[in-house]
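For reference, the structure discussed in these notes is given below.
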Amino acid sequence: MAFNPADKIQDLQYFGEFGGVNPSISDSSTYTFLSAKTMFDTFEGNTEGCYLYSRHSSPSNLYLGEALAAMEGTETANVTASGMGAITAVILQLCNAGDHMVSSRTIYGGTYAFMKNFLPKFNIGTSFVDTTDLEKVEKSITEQTKLIYCETISNPLLEVTDIKGLSAIAKKHNIPLVVDNTFSPLTVAPAKLGADVVINSLTKFINGSSDAVGGVVCGTTEFCLSLKDVNNGAGMLLGSTMDSLRAASILKNMRTLHIRIKKHSDNAMYLAKNLEQAGLKVVYPGLKSHPGHETLKKQMNPEYGFGGMLTLDVGSLEKANRLMELMQEKNLGYLAVSLGFYKTLFSAPGSSTSSEIPIEEQEAMGLSNGLIRFSIGLDNDMKRTFEMMKSCFKKVGLMH
Ligand SMILES: *Cc1c(COP(=O)(O)O)cnc(C)c1O
């Protein structure tokens with residue numbers, strides 16, 4: 001039977017310490033030991049299931065990690081204080097000074113800035129390539145290359161990665177494939193397609209209420225333990241630890257993730273089809289016109305749809321700004337960065353979330369300044385929403 005991530009989450013069962021239907025929250029930063037010897041063993045990493053200090057691990061964080069590992073189909077997972085906390089820890093764990101990575105050129109702006117501006121401090125270099133071109137990826141690998149990095153569906157251009165194809169190249173060169181799955185939880189399970197490490201920003205769809213920042217690294221027990229190692233683990237030493245109260249609240253929101261993702265996808269598909277029919281330049285992986293449509297179809301769990309993200313190129317930044325302001329006035333959504341909220345969120349990535357990427361490079365990758373990124377919300381009646389949107393499109397001359 002095919003791997004279904006929502007079923008895996010549902011199969012987990014944990015009770016609170018007093019029989020609560022939610023696990024008890026561990027409101028402690030440090031933990032007692034009955035014997036001094038056990039404390040020593042725990043420091044040495046020899047005692048499974050003993051808690052030491054909450055930067056290392058805590059019961060609430062382990063519960064959330066367990067649910068995320070079940071979702072991604074990995075042995076285990078470490079939760080982190082943010083998506084960037086997960087990304088930076090993974091890269092710094094895998095690379096030493098002088099090493100090199102091959103990364104997709106269309107990635108989250110913060111990840112791009114970290115690779116391009118920050119890692120050179122440690123003489124870690126990145127080749128940014130079009131990862132949909134497998135030949136280019138392979139040609140960019142050098143003796144120093146320690147990992148291949150990409151997003152399942154990229155931010156903001158919605159390029160679709162052939163994860164199986166990339167994984168074959170990574171395996172051939174004996175390096176890990178690291179995949180950021182933030183845009184496509186449940187829809188795609190990258191680890192099942194050969195990714196070695198799967199990262200998610202929990203801030204987006206997974207938590208889904210725009211009230212928390214969080215991240216996760218899903219991978220093998222060996223890799224996740226190495227991140228937590230008290231002597232040389234990047235997760236442990238860089239300190240991007242999630243708070244236990246937050247872990248408990250995100251776990252509760254995860255229980256509706258499958259319902260939300262289906263609705264986000266249905267709404268986005270409805271809107272994308274109608275915008276395309278109206279002759280607008282819409283990009284959505286669920287449309288046959290999308291270059292990655294077939295690739296995504298081969299990799300996805302069809303019941304969760306093609307995700308909640310779409311982009312629309314309206315030609316200029318002025319038009320984009322006017323349209324977004326109008327849509328916000330009509331209460332069709334918020335002019336805000338981020339994604340995965342119940343309300344539709346829209347922003348122009350060229351001047352916001354991807355502004356870390358220099359203009360020339362934005363142009364080279366096809367990120368035009370009239371591009372609007374939409375995270376489609378959970379609107380009950382998308383037909384009604386589209387009718388209201390049309391009036392805004394008419395006002396800026398995009399429809400007649
Ligand atoms: C938001 C985002 C991140 C960063 O996550 P934070 O939780 O904001 O640190 C990483 N990757 C993608 C694709 C994102 O959208």
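Lettering and numbering for the structure tokens are positional, with chains as A, B, ... in the shown order, residues counted from 1 in each chain, and ligands counted from 1 in the shown order.
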Quiz prompt | DSSP-assigned strand (DSSP E) among stretch 348-387 of chain A, expressed as a ChimeraX atom specification | solution = /A:371-375
Quiz item: A:Gly165: which residues within 10 Å, counting only C-alpha atoms, same-chain residues fewer than 4 positions away excluded, as a PyMOL selection string?
Solution: chain A and resi 131-134+161+169-170+193-194
Self-check item: Coordinates-based distance that separates atom CA of A:Ile199 from atom CA of A:Val179 (Å, one decimal)
Solution: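 Those two atoms sit 6.1 Å apart.
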Quiz prompt | Top pick for closest residue to ligand 1, considering A:Glu75, A:Glu151, A:Glu135, A:Asp99 and counting only C-alpha atoms and all ligand atoms | solution =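 Among the listed residues, A:Glu151 lies closest to ligand 1.
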Practice problem: Once DSSP has gone over the backbone, tell me which residues of stretch 130-327 of chain A are in helix (DSSP H, G or I), as a PyMOL selection string. | Solution: chain A and resi 134-140+163-172+190-193+221-228+234-238+244-254+257-277+293-299+302-304+317-327
Quiz prompt | Expected answer as a PyMOL selection string: residues within 8 Å of ligand 1, only C-alpha atoms and all ligand atoms | solution = chain A and resi 81-87+107-108+110-111+151+154-155+180-183+200-204+213-215+338-339
Export of the given selection (C-alpha atoms) as a PDB file, in the first residue's frame:
```pdb
ATOM      1  CA  ALA A  81      12.882  27.134  16.899  1.00  0.00           C
ATOM      2  CA  SER A  82      12.350  28.076  13.231  1.00  0.00           C
ATOM      3  CA  GLY A  83      12.687  26.751   9.712  1.00  0.00           C
ATOM      4  CA  MET A  84      15.957  28.673   9.376  1.00  0.00           C
ATOM      5  CA  GLY A  85      17.116  27.072  12.651  1.00  0.00           C
ATOM      6  CA  ALA A  86      16.663  23.689  10.969  1.00  0.00           C
ATOM      7  CA  ILE A  87      18.259  24.680   7.653  1.00  0.00           C
ATOM      8  CA  ILE A 107      14.844  28.801  -2.931  1.00  0.00           C
ATOM      9  CA  TYR A 108      13.511  30.686   0.071  1.00  0.00           C
ATOM     10  CA  GLY A 110      16.574  33.492   3.822  1.00  0.00           C
ATOM     11  CA  THR A 111      18.153  30.202   2.764  1.00  0.00           C
ATOM     12  CA  GLU A 151      12.839  22.585  -2.258  1.00  0.00           C
ATOM     13  CA  SER A 154      10.294  26.062  -4.852  1.00  0.00           C
ATOM     14  CA  ASN A 155       9.701  29.444  -3.291  1.00  0.00           C
ATOM     15  CA  ASP A 180      12.881  21.615   2.116  1.00  0.00           C
ATOM     16  CA  ASN A 181       9.256  20.426   1.939  1.00  0.00           C
ATOM     17  CA  THR A 182       7.619  23.563   3.398  1.00  0.00           C
ATOM     18  CA  PHE A 183       5.364  24.195   0.358  1.00  0.00           C
ATOM     19  CA  ASN A 200      10.035  21.877   7.071  1.00  0.00           C
ATOM     20  CA  SER A 201       9.266  25.323   8.355  1.00  0.00           C
ATOM     21  CA  LEU A 202       6.426  24.602  10.786  1.00  0.00           C
ATOM     22  CA  THR A 203       5.566  28.310  10.675  1.00  0.00           C
ATOM     23  CA  LYS A 204       3.631  27.810   7.425  1.00  0.00           C
ATOM     24  CA  VAL A 213       7.568  30.082  14.359  1.00  0.00           C
ATOM     25  CA  GLY A 214       9.097  26.618  14.209  1.00  0.00           C
ATOM     26  CA  GLY A 215      11.036  24.123  12.141  1.00  0.00           C
ATOM     27  CA  SER A 338       4.346  33.891   4.950  1.00  0.00           C
ATOM     28  CA  LEU A 339       1.896  31.175   3.980  1.00  0.00           C
TER      29      LEU A 339
END
```
Exercise. Record the distance separating atom CA of A:Phe15 and atom CA of A:Asn207, expressed in Å with one decimal.
Key: 20.7 Å
Skip A:Asp243 itself and residues of its chain fewer than 6 positions away, then list as a PDB file with all heavy atoms, in the first residue's frame all residues within 9 Å of it, counting only C-alpha atoms.
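This is the output file selection12.pdb:
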```
ATOM      1  N   SER A  54      16.552  20.977  28.457  1.00  0.00           N
ATOM      2  CA  SER A  54      15.595  21.109  27.357  1.00  0.00           C
ATOM      3  C   SER A  54      16.158  21.671  26.051  1.00  0.00           C
ATOM      4  O   SER A  54      15.492  21.602  25.035  1.00  0.00           O
ATOM      5  CB  SER A  54      14.363  21.905  27.797  1.00  0.00           C
ATOM      6  OG  SER A  54      13.568  21.070  28.628  1.00  0.00           O
ATOM      7  N   ARG A  55      17.376  22.199  26.074  1.00  0.00           N
ATOM      8  CA  ARG A  55      17.981  22.545  24.781  1.00  0.00           C
ATOM      9  C   ARG A  55      18.347  21.273  24.029  1.00  0.00           C
ATOM     10  O   ARG A  55      18.378  21.242  22.805  1.00  0.00           O
ATOM     11  CB  ARG A  55      19.209  23.463  24.957  1.00  0.00           C
ATOM     12  CG  ARG A  55      19.935  23.768  23.642  1.00  0.00           C
ATOM     13  CD  ARG A  55      20.692  25.105  23.660  1.00  0.00           C
ATOM     14  NE  ARG A  55      21.482  25.266  24.862  1.00  0.00           N
ATOM     15  CZ  ARG A  55      22.648  24.665  25.093  1.00  0.00           C
ATOM     16  NH1 ARG A  55      23.187  23.870  24.191  1.00  0.00           N
ATOM     17  NH2 ARG A  55      23.293  24.848  26.230  1.00  0.00           N
ATOM     18  N   SER A  60       7.803  17.259  25.278  1.00  0.00           N
ATOM     19  CA  SER A  60       6.881  17.908  24.332  1.00  0.00           C
ATOM     20  C   SER A  60       7.497  17.998  22.938  1.00  0.00           C
ATOM     21  O   SER A  60       6.824  17.774  21.931  1.00  0.00           O
ATOM     22  CB  SER A  60       6.514  19.310  24.814  1.00  0.00           C
ATOM     23  OG  SER A  60       5.825  19.225  26.042  1.00  0.00           O
ATOM     24  N   ASN A  61       8.780  18.318  22.887  1.00  0.00           N
ATOM     25  CA  ASN A  61       9.439  18.411  21.582  1.00  0.00           C
ATOM     26  C   ASN A  61       9.549  17.033  20.930  1.00  0.00           C
ATOM     27  O   ASN A  61       9.428  16.909  19.717  1.00  0.00           O
ATOM     28  CB  ASN A  61      10.824  19.045  21.725  1.00  0.00           C
ATOM     29  CG  ASN A  61      10.734  20.530  22.040  1.00  0.00           C
ATOM     30  OD1 ASN A  61       9.679  21.031  22.404  1.00  0.00           O
ATOM     31  ND2 ASN A  61      11.841  21.240  21.900  1.00  0.00           N
ATOM     32  N   THR A  80      12.915  22.418  15.813  1.00  0.00           N
ATOM     33  CA  THR A  80      13.800  23.563  16.030  1.00  0.00           C
ATOM     34  C   THR A  80      12.955  24.824  16.201  1.00  0.00           C
ATOM     35  O   THR A  80      11.750  24.809  15.948  1.00  0.00           O
ATOM     36  CB  THR A  80      14.743  23.767  14.820  1.00  0.00           C
ATOM     37  OG1 THR A  80      13.942  23.842  13.633  1.00  0.00           O
ATOM     38  CG2 THR A  80      15.721  22.613  14.679  1.00  0.00           C
ATOM     39  N   ALA A  81      13.612  25.908  16.603  1.00  0.00           N
ATOM     40  CA  ALA A  81      12.882  27.134  16.899  1.00  0.00           C
ATOM     41  C   ALA A  81      12.313  27.801  15.658  1.00  0.00           C
ATOM     42  O   ALA A  81      11.390  28.607  15.747  1.00  0.00           O
ATOM     43  CB  ALA A  81      13.799  28.110  17.637  1.00  0.00           C
TER      44      ALA A  81
END
```
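Minimum atom-to-atom distance to A:Phe386, evaluated using only C-alpha atoms, belongs to A:Leu332 out of A:Ile175, A:Leu332, A:Leu52, A:Ile250.
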Quiz item: Expressed in Å to a single decimal, how great is the separation between atom CA of A:Ser127 and atom CA of A:Pro291?
Solution: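 Spanning atom CA of A:Ser127 to atom CA of A:Pro291 is a straight-line distance of 23.1 Å.
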Quiz item: Using only C-alpha atoms, which residue out of A:Glu276, A:Asp266, A:Asp162, A:Glu318 lies closest to A:Glu303?
Solution: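 Of A:Glu276, A:Asp266, A:Asp162, A:Glu318, the one nearest A:Glu303 is A:Asp266, counting only C-alpha atoms.
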Give me the residues of stretch 13-112 of chain A that have any atom at most 8 Å from an atom of stretch 225-232 of chain A; for each, the nearest atom pair and the distance in Å, rounded to one decimal. Use only C-alpha atoms, sort by chain and number, and format it as CSV.
```
residue,atom,partner,partner_atom,distance
A:Phe43,CA,A:Val230,CA,7.2
A:Gly45,CA,A:Asp229,CA,7.5
A:His56,CA,A:Lys228,CA,6.1
A:Ala89,CA,A:Leu227,CA,7.5
A:Val90,CA,A:Leu227,CA,7.6
A:Gln93,CA,A:Leu227,CA,6.9
```
Output file for the residues above (N, CA and C atoms, as a PDB file, in the first residue's frame):
```
ATOM      1  N   PHE A  43      25.058  12.316  29.489  1.00  0.00           N
ATOM      2  CA  PHE A  43      25.976  13.259  28.835  1.00  0.00           C
ATOM      3  C   PHE A  43      26.792  12.561  27.763  1.00  0.00           C
ATOM      4  N   GLY A  45      25.760  10.318  25.996  1.00  0.00           N
ATOM      5  CA  GLY A  45      24.859   9.892  24.931  1.00  0.00           C
ATOM      6  C   GLY A  45      24.494   8.432  25.002  1.00  0.00           C
ATOM      7  N   HIS A  56      18.595  20.209  24.764  1.00  0.00           N
ATOM      8  CA  HIS A  56      18.941  18.917  24.163  1.00  0.00           C
ATOM      9  C   HIS A  56      17.681  18.205  23.682  1.00  0.00           C
ATOM     10  N   ALA A  89      21.324  24.575  10.837  1.00  0.00           N
ATOM     11  CA  ALA A  89      21.951  23.497  11.618  1.00  0.00           C
ATOM     12  C   ALA A  89      22.333  22.331  10.704  1.00  0.00           C
ATOM     13  N   VAL A  90      21.444  21.969   9.788  1.00  0.00           N
ATOM     14  CA  VAL A  90      21.730  20.831   8.892  1.00  0.00           C
ATOM     15  C   VAL A  90      22.960  21.127   8.036  1.00  0.00           C
ATOM     16  N   GLN A  93      26.130  21.188  10.030  1.00  0.00           N
ATOM     17  CA  GLN A  93      26.494  19.843  10.493  1.00  0.00           C
ATOM     18  C   GLN A  93      27.187  19.062   9.367  1.00  0.00           C
TER      19      GLN A  93
END
```
I'd like the contact shell of stretch 32-34 of chain A - 9 Å cut-off, only C-alpha atoms, skipping same-chain residues fewer than 4 positions apart - returned as an mmCIF file with N, CA, C and O atoms, in the first residue's frame.
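New file part02.cif:
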```cif
data_model
loop_
_atom_site.group_PDB
_atom_site.id
_atom_site.type_symbol
_atom_site.label_atom_id
_atom_site.label_comp_id
_atom_site.auth_asym_id
_atom_site.auth_seq_id
_atom_site.Cartn_x
_atom_site.Cartn_y
_atom_site.Cartn_z
ATOM 1 N N THR A 38 23.775 7.861 36.105
ATOM 2 C CA THR A 38 22.884 8.008 34.950
ATOM 3 C C THR A 38 23.079 9.371 34.299
ATOM 4 O O THR A 38 23.027 9.499 33.087
ATOM 5 N N MET A 39 23.321 10.386 35.102
ATOM 6 C CA MET A 39 23.553 11.712 34.523
ATOM 7 C C MET A 39 24.802 11.689 33.651
ATOM 8 O O MET A 39 24.800 12.176 32.521
ATOM 9 N N CYS A 50 16.281 9.356 28.573
ATOM 10 C CA CYS A 50 16.514 10.195 29.754
ATOM 11 C C CYS A 50 16.593 11.644 29.309
ATOM 12 O O CYS A 50 17.247 11.953 28.321
ATOM 13 N N TYR A 51 15.923 12.507 30.036
ATOM 14 C CA TYR A 51 15.998 13.928 29.706
ATOM 15 C C TYR A 51 17.036 14.579 30.591
ATOM 16 O O TYR A 51 17.219 14.195 31.755
ATOM 17 N N LEU A 52 17.723 15.553 30.008
ATOM 18 C CA LEU A 52 18.872 16.144 30.667
ATOM 19 C C LEU A 52 18.616 17.637 30.856
ATOM 20 O O LEU A 52 18.587 18.150 31.964
#
```
Self-check item: Counting only C-alpha atoms, the residue of A:Phe3, A:Leu12, A:Ala36, A:Phe118 that sits nearest A:Leu68
Solution: A:Leu12
Exercise. Find, counting only C-alpha atoms, the residue in A:Pro23, A:Leu371, A:Thr385, A:Gly16 that gets nearest to A:Asn331.
Key: A:Thr385
